[in-house]
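Take a look at the structure below.
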Amino acid sequence: MIKIKSIIILFIVSLNFGNIIRPIDNSTLNYTHVLFEWEQMENAKYYQLQLSSNDDFTNILTDTVTQSLIHIQKTSIDWNQEYYWRIQGLDENQNPISTWIDASMFYTGDKRSEAEALIYSQDIQDGVTIFSSFFDYFSAMIDHNGNEIWNTGDSNLVYYINNNYGQLYGTQFNSNEDELPGIKFSIDNEIQWANTGDYYVHHDFFQLPNGNYLGIAESYQNGPIPEDIAPDVLEQFQMIGYPTYPTSDFFIFPWVGDQIVEWDQDGNEVWSWNAFDYLDWLNDYDLLGDLWLEAYLMGRHDWTHSNAIWFEEDESAIYLSSRHLSRIIKIDYPSGNIVWQMGFNMPSGEVDCGHDLDFSFQHSLQILDNGNIVILDNGNNSQDIYGTDYPTTRAIEIAVNEIENGCQASIVWEYSLPEDLFGFASGNVQKLDNGNYLITTVGGGATSLEIKPTGSNSGDIVWQGNYNLTVPSGAVYRAHRIDGLYPVAFSITSDKYLIYNNQIVYPLNDGSNNINFKIWNNGETSETFNYSINSSSSGSSLQGAIEIDAGDYYNLTHVVNIDEEFLLSVIPEHRLDLAKSLTMTAMLESDLSNETALPINYKLDNPYPNPFNPLININFDIPKLSYVELKIYDIEGNLVEILENNYISSGRKSYEWNALNIASGTYIVSLKADNFIETKKIFLIK
């Protein structure tokens with residue numbers, strides 16, 4: 001008869017003693033849809049969360065039970081209020097097994113917008129709507145009822161685009177009008193990347209699949225004053241002494257073009273495409289709008305004014321919208337060669353197709369899975385191009401057929417906005433998953449319409465968002481429908497969880513060597529999670545990827561070997577920054593039976609959770625009375641904080657570092673005791 005010994009799995013990071021993770025106590029939130037997260041508790045199968053408007057919990061706003069370690073609350077929370085919340089563990093019958101964890105408190109900030117909404121039909125795409133405003137420089141989200149649920153406060157963050165999984169991209173306006181950074185930022189308004197140097201990165205900026213960043217930046221070159229512009233404007237240039245072309249090829253007037261720039265993670269420029277190098281700027285320029293009058297008044301000609309880029313990985317191609325050329329350009333990447341140009345015909349003859357589509361000064365780009373292109377035709381030149389009674393803004397979906405020497409293009413759907421919603425600048429169109437179109441215009445004080453198509457050039461309004469912005473103090477830039485504030489959010493729970501000798505253990509005493517975990521998709525969209533369990537000694541490993549629907553979970557099982565250390569990692573495919581990991585060691589229960597046994601060696605454990613925000617636990621062993629120095633350094637070796645600098649007695653020691661006021665980055669935990677020195681690298685992500 002073979003006797004199977006009981007085994008205990010010791011978890012060293014990530015899962016610990018049931019502490020509250022977020023919202024951080026006494027924090028101020030810039031949203032009213034709040035994600036609550038806590039750590040696993042001993043023997044708990046369920047968790048009860050209560051939210052109250054007072055600290056004695058006599059006014060309960062929410063009382064909910066869950067099995068995961070995350071709860072997203074979308075009701076009962078308002079702006080400019082204070083709230084209290086607490087957690088307790090429940091057994092399998094949902095009876096309390098612990099007292100309430102000490103209540104944590106948070107505030108909500110001020111609402112930023114005056115948005116409202118009208119619902120005309122239930123055929124609305126699920127989710128919330130994010131929009132951004134120029135001139136007063138903020139971004140916000142509203143739900144279908146027009147309730148603001150998130151904003152960027154007074155941080156001057158202007159949203160450009162998102163990756164559909166909660167990562168936001170845009171810019172931050174500052175006092176230096178010659179520089180405009182492209183940035184990646186979080187819903188907590190924390191700038192996570194902004195390394196575009198002194199470029200003026202306008203209209204579009206996002207992260208490529210290779211991890212680099214792509215954006216539109218201004219480029220400059222002296223150019224001519226063409227003699228075919230409006231005679232009265234030409235005369236004004238000549239009166240102040242400017243040479244004109246082609247009579248003179250002495251070019252001294254500033255032209256502003258655009259370049260597409262790619263930066264690596266360190267901010268180095270690794271690729272660029274300049275309109276001056278690829279387009280016929282001596283022949284192609286707009287003559288229908290007031291651009292040359294503006295050039296006379298501003299002292300520079302805004303030649304291309306590109307306002308959108310789109311990267312198609314399967315084609316390895318970049319699509320560029322050039323507003324002032326009324327043109328869409330497809331560019332091969334990385335060669336930079338132009339594949340085709342679509343739009344208003346110009347003297348160069350280089351525009352291949354779409355001459356009869358009649359769009360002008362268009363804004364935004366969306367490339368659909370079938371290759372169709374969705375744009376907002378601002379329509380500034382519509383009266384001159386196709387004889388509309390008033391300047392007319394349209395939403396357009398264009399089918400493209402690529403041929404040997406260019407392209408063929410046709411409109412498959414369009415929707416013309418009424419006169420009061422004419423959008424002379426900015427705005428966008430998004431084709432939604434349900435087949436509707438979200439059309440955003442500066443008209444009407446900034447408006448979004450969700451349109452259900454009823455024909456090739458018609459549709460019904462099912463939803464309307466009114467942002468109540470007034471030019472020039474506020475003008476909507478773009479708006480998108482997204483799944484929610486937390487499209488990707490997940491937690492990991494262990495099926496068995498106990499605290500033993502100040503450590504977290506997984507007891508196996510039923511003859512099975514399997515350890516079991518659940519990956520909970522607490523987010524608002526389906527996501528693929530890549531997971532791995534790797535052993536440091538035997539080399540055994542388990543890895544895979546599983547797509548989990550929102551609100552569902554996946555059971556993960558692995559066979560344990562005694563005295564081996566394992567690392568479990570779970571990484572969302574579209575949000576690598578949200579990865580979680582935990583380290584565990586399989587140990588015999590008999591080896592851990594003496595809770596009072598003193599350590600025999602100095603040892604610094606792996607701090608946990610790692611990455612962290614803002615609390616991290618640091619445990620170490622001291623076998624005898626020792627003078628201990630426990631310090632935190634930054635990656636450059638500069639001292640950040642001293643946690644211990646004194647004689648301490650032998651035993652197991654636990655410290656907690658609160659990095660609330662410390663910048664995100666890589667730090668070093670250093671333990672010195674007698675002649676013992678050990679360091680561990682930790683990562684603070686906010």
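As shown in the structure tokens, the chain order sets the letters A, B, ...; within each chain, residues go from 1, and ligands are also counted from 1 in the order they appear.
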Q | Contacts of Lys672 (chain A) within 6 Å, only C-alpha atoms, excl. fewer than 4 positions in-chain, as a PyMOL selection string | A | chain A and resi 628-629+676-677
Keeping only all heavy atoms, write the selected residues as a compact mmCIF listing (two decimals), in the first residue's frame.
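Just written: out-v9.txt:
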# COMPACT_ATOMS: atom_id res chain seq x y z
N VAL A 628 19.68 45.39 11.04
CA VAL A 628 19.04 45.19 9.74
C VAL A 628 18.83 46.54 9.05
O VAL A 628 18.38 47.51 9.66
CB VAL A 628 17.67 44.48 9.91
CG1 VAL A 628 16.92 44.43 8.58
CG2 VAL A 628 17.89 43.08 10.46
N GLU A 629 19.18 46.57 7.78
CA GLU A 629 18.89 47.71 6.92
C GLU A 629 17.98 47.23 5.78
O GLU A 629 18.40 46.43 4.95
CB GLU A 629 20.16 48.31 6.34
CG GLU A 629 21.10 48.89 7.37
CD GLU A 629 22.37 49.45 6.74
OE1 GLU A 629 22.35 49.75 5.53
OE2 GLU A 629 23.38 49.53 7.45
N PHE A 676 25.08 39.50 5.38
CA PHE A 676 24.12 39.05 4.37
C PHE A 676 23.57 40.25 3.59
O PHE A 676 23.20 41.27 4.17
CB PHE A 676 22.97 38.32 5.04
CG PHE A 676 21.85 37.94 4.11
CD1 PHE A 676 21.92 36.80 3.33
CD2 PHE A 676 20.71 38.75 4.02
CE1 PHE A 676 20.89 36.46 2.48
CE2 PHE A 676 19.67 38.40 3.17
CZ PHE A 676 19.77 37.26 2.39
N ILE A 677 23.55 40.12 2.28
CA ILE A 677 22.96 41.15 1.41
C ILE A 677 22.14 40.44 0.34
O ILE A 677 22.61 39.50 -0.31
CB ILE A 677 24.03 42.03 0.72
CG1 ILE A 677 24.90 42.75 1.75
CG2 ILE A 677 23.37 43.04 -0.22
CD1 ILE A 677 26.02 43.56 1.13
Selection: 12 Å around Asp277 (chain A), only C-alpha atoms, excl. self and same-chain fewer than 5 positions, as a PyMOL selection string: chain A and resi 219-221+257-260+272+282+336-338
What are the DSSP alpha helix (DSSP H) residues of region 123-276 of chain A, as a ChimeraX atom specification? /A:231-239,275-276
Write the selection just made, keeping N, CA and C atoms, as a compact mmCIF listing (two decimals), in the first residue's frame?
# COMPACT_ATOMS: atom_id res chain seq x y z
N PRO A 231 -8.01 85.86 -56.74
CA PRO A 231 -7.28 87.08 -57.13
C PRO A 231 -7.14 88.11 -56.02
N ASP A 232 -8.18 88.31 -55.24
CA ASP A 232 -8.10 89.32 -54.19
C ASP A 232 -7.10 88.92 -53.11
N VAL A 233 -7.01 87.60 -52.83
CA VAL A 233 -6.04 87.12 -51.84
C VAL A 233 -4.64 87.20 -52.41
N LEU A 234 -4.48 86.83 -53.69
CA LEU A 234 -3.17 86.92 -54.34
C LEU A 234 -2.65 88.34 -54.31
N GLU A 235 -3.54 89.28 -54.55
CA GLU A 235 -3.14 90.69 -54.56
C GLU A 235 -2.62 91.12 -53.20
N GLN A 236 -3.22 90.63 -52.13
CA GLN A 236 -2.75 91.00 -50.80
C GLN A 236 -1.34 90.48 -50.54
N PHE A 237 -1.06 89.23 -50.98
CA PHE A 237 0.30 88.70 -50.85
C PHE A 237 1.29 89.56 -51.64
N GLN A 238 0.91 89.92 -52.87
CA GLN A 238 1.82 90.68 -53.73
C GLN A 238 2.06 92.08 -53.19
N MET A 239 1.04 92.63 -52.54
CA MET A 239 1.18 93.99 -52.02
C MET A 239 2.22 94.06 -50.90
N ALA A 275 4.89 64.01 -46.05
CA ALA A 275 4.05 64.35 -47.20
C ALA A 275 4.82 65.15 -48.24
N PHE A 276 5.76 65.97 -47.83
CA PHE A 276 6.54 66.75 -48.79
C PHE A 276 7.38 65.85 -49.70
Next on the checklist: I need the residues of region 156-352 of chain A that end up classed as strand (DSSP E) by DSSP on the backbone, written out as a count of residues only.
Outcome noted: 84
- Task: Identify, on the basis of only C-alpha atoms, every residue whose closest approach to region 414-429 of chain A does not exceed 6 Å; exclude the query and any residue fewer than 5 positions from it along the same chain; express the result as a PyMOL selection string.
- Result: chain A and resi 363-364+375-376+378+380+392-396+438-444+457-458+477-478
Give me, as a tab-separated table, each residue of region 360-469 of chain A that comes within 12 Å of region 123-139 of chain A, together with its shortest interatomic pair and the distance in Å at one decimal, counting only C-alpha atoms, with rows ordered by chain and rising residue number.
residue	atom	partner	partner_atom	distance
A:Ala425	CA	A:Phe134	CA	11.3
A:Ser426	CA	A:Phe134	CA	9.7
A:Gly427	CA	A:Phe131	CA	9.8
A:Asn428	CA	A:Phe131	CA	10.5
A:Gln430	CA	A:Thr129	CA	11.2
A:Lys431	CA	A:Gln125	CA	10.3
A:Leu432	CA	A:Gln125	CA	6.9
A:Asp433	CA	A:Gln125	CA	7.2
A:Asn434	CA	A:Gln125	CA	6.1
A:Gly435	CA	A:Gln125	CA	8.7
A:Asn436	CA	A:Gln125	CA	7.5
A:Tyr437	CA	A:Gln125	CA	9.4
A:Leu438	CA	A:Gln125	CA	9.4
A:Ile439	CA	A:Thr129	CA	11.6
A:Thr440	CA	A:Phe131	CA	9.1
A:Thr441	CA	A:Phe131	CA	11.1
A:Val442	CA	A:Ser133	CA	9.8
A:Gly445	CA	A:Ser133	CA	11.2
A:Ala446	CA	A:Ser133	CA	9.1
A:Thr447	CA	A:Phe131	CA	10.1
A:Ser448	CA	A:Thr129	CA	9.2
A:Leu449	CA	A:Ile124	CA	10.7
A:Glu450	CA	A:Ile124	CA	7.5
A:Ile451	CA	A:Ile124	CA	9.0
A:Lys452	CA	A:Asp123	CA	7.7
A:Pro453	CA	A:Asp123	CA	11.2
A:Asp460	CA	A:Asp123	CA	10.1
A:Ile461	CA	A:Asp123	CA	9.7
A:Val462	CA	A:Ile124	CA	6.4
A:Trp463	CA	A:Ile124	CA	6.9
A:Gln464	CA	A:Ile124	CA	10.3
A:Gly465	CA	A:Thr129	CA	8.7
A:Asn466	CA	A:Phe131	CA	10.9
A:Tyr467	CA	A:Phe131	CA	8.7
A:Asn468	CA	A:Ser133	CA	10.6
A:Leu469	CA	A:Ser133	CA	8.0
Notebook entry, point to check: Pick from A:Tyr199, A:Thr247, A:Asp102, A:Ile225: nearest to Glu269 (chain A), with only C-alpha atoms counted?
Noted result: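 Checking each candidate against Glu269 (chain A), we get A:Tyr199 as the closest.
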task: Using only C-alpha atoms, determine which residues lie at most 12 Å from Gly349 (chain A), disregarding the query and same-chain residues fewer than 4 positions distant; provide the list as a list in words.
output: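 Contacts, in chain order: Leu279, Asp280, Asn283, Asp284, Trp340, Gln341, Met342, Gly343, Phe344, Asn345, Cys353 and His355 of chain A.
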Could you turn the residues from that selection into a file that holds all heavy atoms, as a short mmCIF file (atom, residue, chain, number, x, y, z; two decimals), in the first residue's frame?
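Contents of out-v7.cif, freshly written:
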data_model
loop_
_atom_site.label_atom_id
_atom_site.label_comp_id
_atom_site.auth_asym_id
_atom_site.auth_seq_id
_atom_site.Cartn_x
_atom_site.Cartn_y
_atom_site.Cartn_z
N LEU A 279 4.12 63.65 -51.99
CA LEU A 279 3.01 64.28 -52.67
C LEU A 279 3.50 65.46 -53.51
O LEU A 279 4.53 66.07 -53.21
CB LEU A 279 1.96 64.76 -51.66
CG LEU A 279 1.39 63.70 -50.72
CD1 LEU A 279 0.33 64.32 -49.81
CD2 LEU A 279 0.82 62.51 -51.47
N ASP A 280 2.75 65.77 -54.57
CA ASP A 280 3.12 66.85 -55.50
C ASP A 280 2.62 68.17 -54.94
O ASP A 280 1.57 68.67 -55.32
CB ASP A 280 2.52 66.56 -56.88
CG ASP A 280 3.05 67.51 -57.95
OD1 ASP A 280 3.65 68.54 -57.59
OD2 ASP A 280 2.84 67.22 -59.15
N ASN A 283 1.68 71.31 -57.21
CA ASN A 283 0.47 71.29 -58.02
C ASN A 283 -0.79 71.07 -57.22
O ASN A 283 -1.86 71.56 -57.60
CB ASN A 283 0.58 70.19 -59.09
CG ASN A 283 1.54 70.56 -60.20
OD1 ASN A 283 1.36 71.55 -60.90
ND2 ASN A 283 2.60 69.76 -60.36
N ASP A 284 -0.70 70.31 -56.13
CA ASP A 284 -1.90 69.89 -55.41
C ASP A 284 -2.06 70.69 -54.12
O ASP A 284 -1.30 70.51 -53.16
CB ASP A 284 -1.83 68.40 -55.09
CG ASP A 284 -1.97 67.54 -56.33
OD1 ASP A 284 -2.22 68.11 -57.41
OD2 ASP A 284 -1.83 66.31 -56.23
N TRP A 340 -2.35 53.74 -53.33
CA TRP A 340 -3.34 54.50 -54.09
C TRP A 340 -3.73 55.74 -53.31
O TRP A 340 -3.49 55.85 -52.11
CB TRP A 340 -4.58 53.68 -54.46
CG TRP A 340 -5.25 52.88 -53.37
CD1 TRP A 340 -5.24 51.54 -53.21
CD2 TRP A 340 -6.06 53.40 -52.27
NE1 TRP A 340 -5.97 51.16 -52.11
CE2 TRP A 340 -6.50 52.28 -51.52
CE3 TRP A 340 -6.46 54.65 -51.87
CZ2 TRP A 340 -7.29 52.40 -50.39
CZ3 TRP A 340 -7.26 54.79 -50.74
CH2 TRP A 340 -7.66 53.67 -50.02
N GLN A 341 -4.35 56.68 -54.07
CA GLN A 341 -4.90 57.89 -53.47
C GLN A 341 -6.34 58.04 -53.95
O GLN A 341 -6.65 57.82 -55.11
CB GLN A 341 -4.09 59.12 -53.87
CG GLN A 341 -2.63 59.03 -53.43
CD GLN A 341 -1.88 60.33 -53.66
OE1 GLN A 341 -2.19 61.35 -53.04
NE2 GLN A 341 -0.89 60.31 -54.54
N MET A 342 -7.22 58.44 -53.03
CA MET A 342 -8.65 58.52 -53.29
C MET A 342 -9.17 59.89 -52.90
O MET A 342 -8.80 60.42 -51.85
CB MET A 342 -9.39 57.44 -52.47
CG MET A 342 -10.90 57.53 -52.51
SD MET A 342 -11.66 56.56 -51.18
CE MET A 342 -11.00 54.94 -51.51
N GLY A 343 -10.03 60.47 -53.75
CA GLY A 343 -10.68 61.70 -53.36
C GLY A 343 -10.74 62.73 -54.47
O GLY A 343 -10.80 62.40 -55.65
N PHE A 344 -10.70 63.97 -54.08
CA PHE A 344 -10.86 65.09 -55.00
C PHE A 344 -9.70 65.13 -55.99
O PHE A 344 -8.53 65.09 -55.61
CB PHE A 344 -10.94 66.39 -54.20
CG PHE A 344 -11.32 67.59 -55.00
CD1 PHE A 344 -12.61 67.74 -55.49
CD2 PHE A 344 -10.39 68.58 -55.28
CE1 PHE A 344 -12.96 68.86 -56.23
CE2 PHE A 344 -10.74 69.70 -56.01
CZ PHE A 344 -12.03 69.85 -56.50
N ASN A 345 -10.04 65.21 -57.27
CA ASN A 345 -9.00 65.23 -58.31
C ASN A 345 -8.28 66.57 -58.31
O ASN A 345 -8.90 67.63 -58.14
CB ASN A 345 -9.63 64.97 -59.68
CG ASN A 345 -8.59 64.51 -60.69
OD1 ASN A 345 -7.46 64.17 -60.32
ND2 ASN A 345 -8.97 64.49 -61.95
N CYS A 353 -8.63 57.34 -57.62
CA CYS A 353 -10.05 56.99 -57.67
C CYS A 353 -10.84 57.87 -56.72
O CYS A 353 -10.26 58.64 -55.94
CB CYS A 353 -10.25 55.52 -57.33
SG CYS A 353 -9.81 55.08 -55.63
N HIS A 355 -12.98 60.29 -57.46
CA HIS A 355 -13.17 61.69 -57.84
C HIS A 355 -14.63 62.12 -57.71
O HIS A 355 -14.92 63.30 -57.49
CB HIS A 355 -12.71 61.92 -59.28
CG HIS A 355 -11.30 61.50 -59.54
ND1 HIS A 355 -10.83 61.18 -60.79
CD2 HIS A 355 -10.25 61.33 -58.70
CE1 HIS A 355 -9.55 60.83 -60.72
NE2 HIS A 355 -9.19 60.91 -59.45
#
**OP:** Tell me, as a PyMOL selection string, which residues lie within 10 Å of Ala317 (chain A), counting only C-alpha atoms; anything in the same chain fewer than 6 positions away does not count.
**Re:** chain A and resi 310-311+330-339
Go through region 475-498 of chain A and flag each residue having an atom no more than 12 Å from region 144-159 of chain A; for those, report the closest pair of atoms plus their distance in Å to one decimal, using only C-alpha atoms, ordered by chain and rising number, as CSV.
residue,atom,partner,partner_atom,distance
A:Ala475,CA,A:Val158,CA,11.3
A:Val476,CA,A:Val158,CA,10.0
A:Tyr477,CA,A:Tyr159,CA,8.1
A:Arg478,CA,A:Tyr159,CA,7.7
A:Ala479,CA,A:Tyr159,CA,8.8
A:His480,CA,A:Tyr159,CA,10.2
A:Arg481,CA,A:His144,CA,10.1
A:Ile482,CA,A:His144,CA,11.6
A:Asp483,CA,A:His144,CA,11.8
A:Gly484,CA,A:Ile149,CA,9.8
A:Leu485,CA,A:Trp150,CA,8.1
A:Tyr486,CA,A:Trp150,CA,11.5
Store the residues picked out above, limited to N, CA and C atoms, as a PDB file, in the first residue's frame.
ATOM      1  N   ALA A 475     -15.079  72.415 -28.310  1.00  0.00           N
ATOM      2  CA  ALA A 475     -15.487  71.798 -29.578  1.00  0.00           C
ATOM      3  C   ALA A 475     -15.166  70.318 -29.503  1.00  0.00           C
ATOM      4  N   VAL A 476     -16.171  69.477 -29.750  1.00  0.00           N
ATOM      5  CA  VAL A 476     -15.928  68.042 -29.650  1.00  0.00           C
ATOM      6  C   VAL A 476     -14.901  67.635 -30.689  1.00  0.00           C
ATOM      7  N   TYR A 477     -13.985  66.754 -30.293  1.00  0.00           N
ATOM      8  CA  TYR A 477     -12.997  66.267 -31.243  1.00  0.00           C
ATOM      9  C   TYR A 477     -13.457  64.944 -31.851  1.00  0.00           C
ATOM     10  N   ARG A 478     -13.577  63.916 -31.035  1.00  0.00           N
ATOM     11  CA  ARG A 478     -14.060  62.615 -31.479  1.00  0.00           C
ATOM     12  C   ARG A 478     -14.912  61.992 -30.378  1.00  0.00           C
ATOM     13  N   ALA A 479     -15.688  61.003 -30.777  1.00  0.00           N
ATOM     14  CA  ALA A 479     -16.440  60.203 -29.809  1.00  0.00           C
ATOM     15  C   ALA A 479     -16.486  58.771 -30.301  1.00  0.00           C
ATOM     16  N   HIS A 480     -16.394  57.822 -29.376  1.00  0.00           N
ATOM     17  CA  HIS A 480     -16.475  56.399 -29.702  1.00  0.00           C
ATOM     18  C   HIS A 480     -17.366  55.695 -28.692  1.00  0.00           C
ATOM     19  N   ARG A 481     -18.050  54.676 -29.142  1.00  0.00           N
ATOM     20  CA  ARG A 481     -18.769  53.784 -28.241  1.00  0.00           C
ATOM     21  C   ARG A 481     -17.807  52.665 -27.840  1.00  0.00           C
ATOM     22  N   ILE A 482     -17.664  52.446 -26.552  1.00  0.00           N
ATOM     23  CA  ILE A 482     -16.792  51.400 -26.033  1.00  0.00           C
ATOM     24  C   ILE A 482     -17.582  50.528 -25.059  1.00  0.00           C
ATOM     25  N   ASP A 483     -17.053  49.356 -24.744  1.00  0.00           N
ATOM     26  CA  ASP A 483     -17.793  48.414 -23.905  1.00  0.00           C
ATOM     27  C   ASP A 483     -18.029  48.939 -22.502  1.00  0.00           C
ATOM     28  N   GLY A 484     -17.102  49.692 -21.981  1.00  0.00           N
ATOM     29  CA  GLY A 484     -17.255  50.213 -20.632  1.00  0.00           C
ATOM     30  C   GLY A 484     -15.942  50.752 -20.126  1.00  0.00           C
ATOM     31  N   LEU A 485     -15.957  51.155 -18.884  1.00  0.00           N
ATOM     32  CA  LEU A 485     -14.761  51.722 -18.267  1.00  0.00           C
ATOM     33  C   LEU A 485     -13.722  50.651 -17.982  1.00  0.00           C
ATOM     34  N   TYR A 486     -14.168  49.380 -17.862  1.00  0.00           N
ATOM     35  CA  TYR A 486     -13.266  48.290 -17.505  1.00  0.00           C
ATOM     36  C   TYR A 486     -13.447  47.113 -18.471  1.00  0.00           C
TER      37      TYR A 486
END
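Atom to atom, CA of Phe683 (chain A) and CA of Trp657 (chain A) stand 12.5 Å apart.
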Margin query: One number please: CA of Phe612 (chain A) to CA of Ala659 (chain A), in Å, one decimal.
Written below: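 So the answer is 9.0 Å.
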Open item on the list: List as a list of chain:residue names the protein and nucleic acid residues near Thr64 (chain A), meaning an atom at most 12 Å away when only C-alpha atoms are counted, but skip any in the same chain fewer than 2 places from it.
Closed with: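 Here the answer would be A:Phe36, A:Tyr46, A:Tyr47, A:Gln48, A:Leu49, A:Gln50, A:Leu51, A:Ile60, A:Leu61, A:Thr62, A:Thr66, A:Gln67, A:Ser68, A:Ile70, A:His71, A:Ile72, A:Gln73, A:Trp85, A:Arg86, A:Ile87, A:Gln88, A:Leu90, A:Gln94.
When only C-alpha atoms are used to compute distances to Glu190 (chain A), the closest of the residues A:Ser175, A:Asn601, A:Gln167, A:Gln40 turns out to be A:Gln167.
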